[in-house]
Every structure is written in C-alpha cells, then in structure tokens.
Amino acid sequence: MTAATCSLGEAMIYNLARTVKNGDLAFHGFGSPLVQLALHLAKRTHAPDLVFVAGATYGVNPSPPFLTPTSNDWVLDRGAECSLDIEELFDLAASGRMDRMFLSGLQIDRYGNANVTRLGSGERPSVKLPGGGGGCNLSCDVGSFTLWTAAHRSPPGKGGKRMLRLVEACDFVTSLGHRSPDGRSRRTLGHRGGGPDALVTELGVFDFDDEGHLRLRATYPDVDLAEVADNTGFALRVADDLQVAALPDAQAVALIRQLDPLGIHRKELRPADQERRFALAGQ
C-alpha cells in the first residue's frame, strides 16, 4: 500500500463517517471496527462536537490509543469522559436525544429493515442468529441510523446457491426501516425516529427515496452498475446523478491507520476485498 492510495476498508470507514453530523449524539453498537473507526474519524475531522457512546463499554467520547482485536476490551474506554448505564442509553433514545446509531443485518431489505434474529419463515427457523440486542427499540426511537454491510456481494455457495444480503423482504424484522412487512410506515406506527438514511456496502453507497426505498447513490471506482444489480435481491433504484463514491484524503487515511495499526477492521472484509485500492482524494 502506498501513501497515494486507500484500501476499500478505509473508503468504507470514510463514507460511514460522512453520515455523522457535527453535534450529533451517536451510538456505534457492539462489534464493528469499521463503525468504531468511522466515529473516531468523524470526531477528529468534520465533527469535533460529536458525542459518541462506545458500544461495549458505554463510555462517552473515549480516546483509546488504538483499536484492539476484541470490541469488549476496556482499553477502548480509555479517556472516556464518563460511562452510561444501559438504562440511560435507552432513555436517551426514547426521549429523542439520540441523533444517530449504526445497524447491520444478515438480511437488509429494500425499506431498510434488518434481520439478525433468524433465517427461514416457518415456525422452526432454518438458522438461529444472535438477535438484536436492543436494536429493535433503538431503531424505532433514534433520530436517524446508518446501515452497513461488507457482504453485499454474494458469490455462490455450496450447490451454487447464493445467499443475498440485500433482499426483497427480511425473513424476520429485527430492526425497523421505513415500512413494516405489512406496508405500514413508521409515522403510521407512531415511532419517534426517522429511520435509516444511508447504507454503506463494499459495492456502493445508498440513500432512501421519498417512498423509503433504497436507492443507489454512488459506486466505488472498480464497481459497475451491473455488479450492484446482480447482487441485489430487488429491482435496483438508481439516483439520476449516480456518482463515484467519495474517497478519503491523505489526512483521513493517516488517522485511520494511526487508530488501527493492527488492521483490525480488515476482519470485516472478504480476502479479495482486502486487496482493493483506490487513489486518494486530491491525487
């Protein structure tokens, strides 16, 4: 890797960070180094007044020396201004004071619903998943949330079967997007939060149109529209002004590498994606 390029992971971190506004109060969830790094990057660049709560420790504005191999390491709480109880975290969302959080799923559907509960639609699931850990409540209350996945591309598995990550409808809705399975909107259901407003994947960056449907806004320089459509389980909606995804500059990449000298975020990416490189912004 040269100083004039960034990795795919660094580009995803940068685009995740761009969904954060200065002054937000944000929660990054438990396990994703991509999201952890995105919030640290946002705080050190365009959002110095960001207040963020770390997912494993509930520490407020921690400043760890580096990212550790496990998200449950208390070094990640280093420098925190204070720590919250889990009840206080949920109170922040329920009272309308949490501006943003980050969610993912083994399935994400066209309206931004996400599934981390089970696969299969019968009484007995074909696969039991870890569960939402409070994501259902928070997805209904938080001001906005960012979705992400590093597994948008779905190569054939055993027997040639593909398990798409972006699907027409989730087998189970763990966290709520813009419409429930029966078509009701968040407003009709009476929820406080505004729902998802962005999805960042290893193929591109999405927003949501006026109907609350996912819409492709940008692709990475090495991805074409046909590849995104082929790996999406519903008719792809594309912005009229489809763009190349924003890429970090040298300062942003240096900050990411300083925070993650062990390359922990690479574990979220498939081996082939770990090798993808792009020219830095301004090069």
# chains A, B, ... in the order shown; residues from 1 in each chain; ligands from 1
call {"tool": "residues_around", "arguments": {"residues": "A:Arg187", "least_positions_apart": "2", "cutoff": "12 Å", "atoms": "only C-alpha atoms", "output": "MDAnalysis selection string"}}
result
chainID A and resid 140:141 176:180 183:185 189:195 212
call {"tool": "residues_around", "arguments": {"residues": "A:Asp209", "least_positions_apart": "4", "cutoff": "9 Å", "atoms": "only C-alpha atoms", "output": "ChimeraX atom specification"}}
result
/A:213-215,237,239
call {"tool": "write_last_selection", "arguments": {"atoms": "C-alpha atoms", "output": "CSV table (one decimal), in the first residue's frame"}}
result
chain,number,residue,atom,x,y,z
A,213,HIS,CA,-37.0,2.6,-0.7
A,214,LEU,CA,-33.2,2.0,-1.0
A,215,ARG,CA,-31.6,4.0,-3.9
A,237,ARG,CA,-33.3,2.0,-7.9
A,239,ALA,CA,-30.2,8.1,-8.4
call {"tool": "select_by_dssp", "arguments": {"residues": "stretch 19-256 of chain A", "states": "strand (DSSP E)", "output": "JSON, numbers by chain"}}
result
{"A": [25, 26, 27, 51, 52, 53, 59, 60, 82, 83, 100, 101, 102, 103, 107, 108, 109, 114, 115, 118, 119, 127, 128, 144, 145, 146, 147, 148, 166, 167, 196, 197, 198, 199, 200, 204, 205, 206, 207, 208, 214, 215, 216, 217, 218, 219, 238, 239, 240, 241, 242, 243, 244]}
call {"tool": "residues_around", "arguments": {"residues": "A:Met98", "least_positions_apart": "3", "cutoff": "6 Å", "atoms": "only C-alpha atoms", "output": "number ranges by chain"}}
result
A: 25, 92-93, 142
call {"tool": "residues_around", "arguments": {"residues": "A:Ala80", "least_positions_apart": "4", "cutoff": "7 Å", "atoms": "only C-alpha atoms", "output": "JSON list (two decimals) with C-alpha atoms, in the first residue's frame"}}
result
[["chain", "number", "residue", "atom", "x", "y", "z"],
["A", 59, "GLY", "CA", -18.06, 5.12, 27.56],
["A", 60, "VAL", "CA", -18.73, 8.66, 26.34],
["A", 61, "ASN", "CA", -16.14, 10.12, 23.95],
["A", 62, "PRO", "CA", -13.37, 7.59, 24.64],
["A", 63, "SER", "CA", -9.96, 8.14, 23.07]]
call {"tool": "atom_distance", "arguments": {"atom1": "atom CA of A:Leu84", "atom2": "atom CA of A:Gly55"}}
result
10.6 Å
call {"tool": "select_by_dssp", "arguments": {"residues": "stretch 5-53 of chain A", "states": "alpha helix (DSSP H)", "output": "PyMOL selection string"}}
result
chain A and resi 8-17+33-44
call {"tool": "write_last_selection", "arguments": {"atoms": "C-alpha atoms", "output": "short mmCIF file (atom, residue, chain, number, x, y, z; two decimals), in the first residue's frame"}}
result
data_model
loop_
_atom_site.label_atom_id
_atom_site.label_comp_id
_atom_site.auth_asym_id
_atom_site.auth_seq_id
_atom_site.Cartn_x
_atom_site.Cartn_y
_atom_site.Cartn_z
CA LEU A 8 -11.63 -0.43 0.40
CA GLY A 9 -11.98 -0.68 4.18
CA GLU A 10 -10.64 2.85 4.60
CA ALA A 11 -13.07 4.10 1.93
CA MET A 12 -15.98 2.43 3.76
CA ILE A 13 -14.89 3.94 7.08
CA TYR A 14 -14.75 7.36 5.43
CA ASN A 15 -18.24 7.02 3.94
CA LEU A 16 -19.65 5.79 7.24
CA ALA A 17 -18.08 8.78 8.97
CA PRO A 33 -14.38 -1.99 13.85
CA LEU A 34 -15.44 -0.23 10.64
CA VAL A 35 -18.06 1.73 12.56
CA GLN A 36 -15.84 2.31 15.60
CA LEU A 37 -13.19 3.83 13.37
CA ALA A 38 -15.77 5.89 11.49
CA LEU A 39 -16.89 7.63 14.68
CA HIS A 40 -13.33 8.27 15.83
CA LEU A 41 -12.55 9.65 12.36
CA ALA A 42 -15.63 11.90 12.35
CA LYS A 43 -14.73 13.28 15.80
CA ARG A 44 -11.19 14.08 14.69
#
call {"tool": "residues_around", "arguments": {"residues": "A:Asp49", "least_positions_apart": "6", "cutoff": "8 Å", "atoms": "only C-alpha atoms", "output": "list in words"}}
result
Asn22, Gly23, Asp24 and Lys43 of chain A
call {"tool": "atom_distance", "arguments": {"atom1": "atom CA of A:Ala250", "atom2": "atom CA of A:Lys267"}}
result
22.6 Å
call {"tool": "closest_residue", "arguments": {"among": "A:Ala47, A:Ala151, A:Leu138, A:Leu103", "to": "A:Val116", "atoms": "only C-alpha atoms"}}
result
A:Leu103
call {"tool": "closest_residue", "arguments": {"among": "A:Tyr111, A:Pro155, A:Glu88, A:Lys161", "to": "A:Asp210", "atoms": "only C-alpha atoms"}}
result
A:Tyr111
call {"tool": "residues_around", "arguments": {"residues": "A:Ile108", "least_positions_apart": "5", "cutoff": "6 Å", "atoms": "only C-alpha atoms", "output": "PyMOL selection string"}}
result
chain A and resi 113-114+166
call {"tool": "residues_around", "arguments": {"residues": "stretch 245-248 of chain A", "least_positions_apart": "2", "cutoff": "7 Å", "atoms": "only C-alpha atoms", "output": "PyMOL selection string"}}
result
chain A and resi 11+14-15+204-205+218-220+243+250+252-253+280-281
call {"tool": "write_last_selection", "arguments": {"atoms": "N, CA and C atoms", "output": "compact mmCIF listing (two decimals), in the first residue's frame"}}
result
# COMPACT_ATOMS: atom_id res chain seq x y z
N ALA A 11 -12.03 3.36 2.65
CA ALA A 11 -13.07 4.10 1.93
C ALA A 11 -14.42 3.89 2.60
N TYR A 14 -14.56 5.96 5.77
CA TYR A 14 -14.75 7.36 5.43
C TYR A 14 -16.21 7.65 5.09
N ASN A 15 -16.84 6.78 4.32
CA ASN A 15 -18.24 7.02 3.94
C ASN A 15 -19.18 6.82 5.12
N GLY A 204 -21.11 -0.04 -2.86
CA GLY A 204 -21.56 1.32 -3.08
C GLY A 204 -22.19 1.95 -1.87
N VAL A 205 -22.74 3.14 -2.09
CA VAL A 205 -23.38 3.93 -1.04
C VAL A 205 -24.81 4.22 -1.48
N ALA A 218 -23.99 6.02 -5.18
CA ALA A 218 -22.60 6.06 -5.63
C ALA A 218 -22.03 4.65 -5.62
N THR A 219 -21.08 4.40 -6.51
CA THR A 219 -20.34 3.14 -6.54
C THR A 219 -18.86 3.43 -6.39
N TYR A 220 -18.11 2.44 -5.94
CA TYR A 220 -16.65 2.60 -5.86
C TYR A 220 -16.05 2.54 -7.27
N GLN A 243 -22.99 8.77 -8.79
CA GLN A 243 -21.63 9.29 -8.69
C GLN A 243 -20.65 8.19 -8.31
N ALA A 250 -5.42 12.16 2.28
CA ALA A 250 -4.27 11.60 2.99
C ALA A 250 -4.40 11.76 4.51
N ALA A 252 -7.18 11.82 6.36
CA ALA A 252 -8.13 10.85 6.89
C ALA A 252 -7.53 9.45 6.94
N VAL A 253 -6.83 9.07 5.89
CA VAL A 253 -6.20 7.74 5.87
C VAL A 253 -5.15 7.62 6.97
N LEU A 280 -6.29 8.28 -3.59
CA LEU A 280 -6.83 9.19 -2.59
C LEU A 280 -7.46 10.41 -3.23
N ALA A 281 -8.38 11.02 -2.50
CA ALA A 281 -8.96 12.28 -2.95
C ALA A 281 -7.85 13.31 -3.11
call {"tool": "closest_residue", "arguments": {"among": "A:Asp240, A:Asp260, A:Asp249, A:Glu268", "to": "A:Pro65", "atoms": "only C-alpha atoms"}}
result
A:Asp260
call {"tool": "closest_residue", "arguments": {"among": "A:Pro271, A:Val127, A:Leu225, A:Ala254", "to": "A:Ala4", "atoms": "only C-alpha atoms"}}
result
A:Ala254
call {"tool": "closest_residue", "arguments": {"among": "A:Pro261, A:Gly112, A:Gly233, A:Pro221", "to": "A:Phe278", "atoms": "only C-alpha atoms"}}
result
A:Pro221
call {"tool": "closest_residue", "arguments": {"among": "A:Leu67, A:Asp207, A:Arg18, A:Ile86", "to": "A:Arg257", "atoms": "only C-alpha atoms"}}
result
A:Leu67
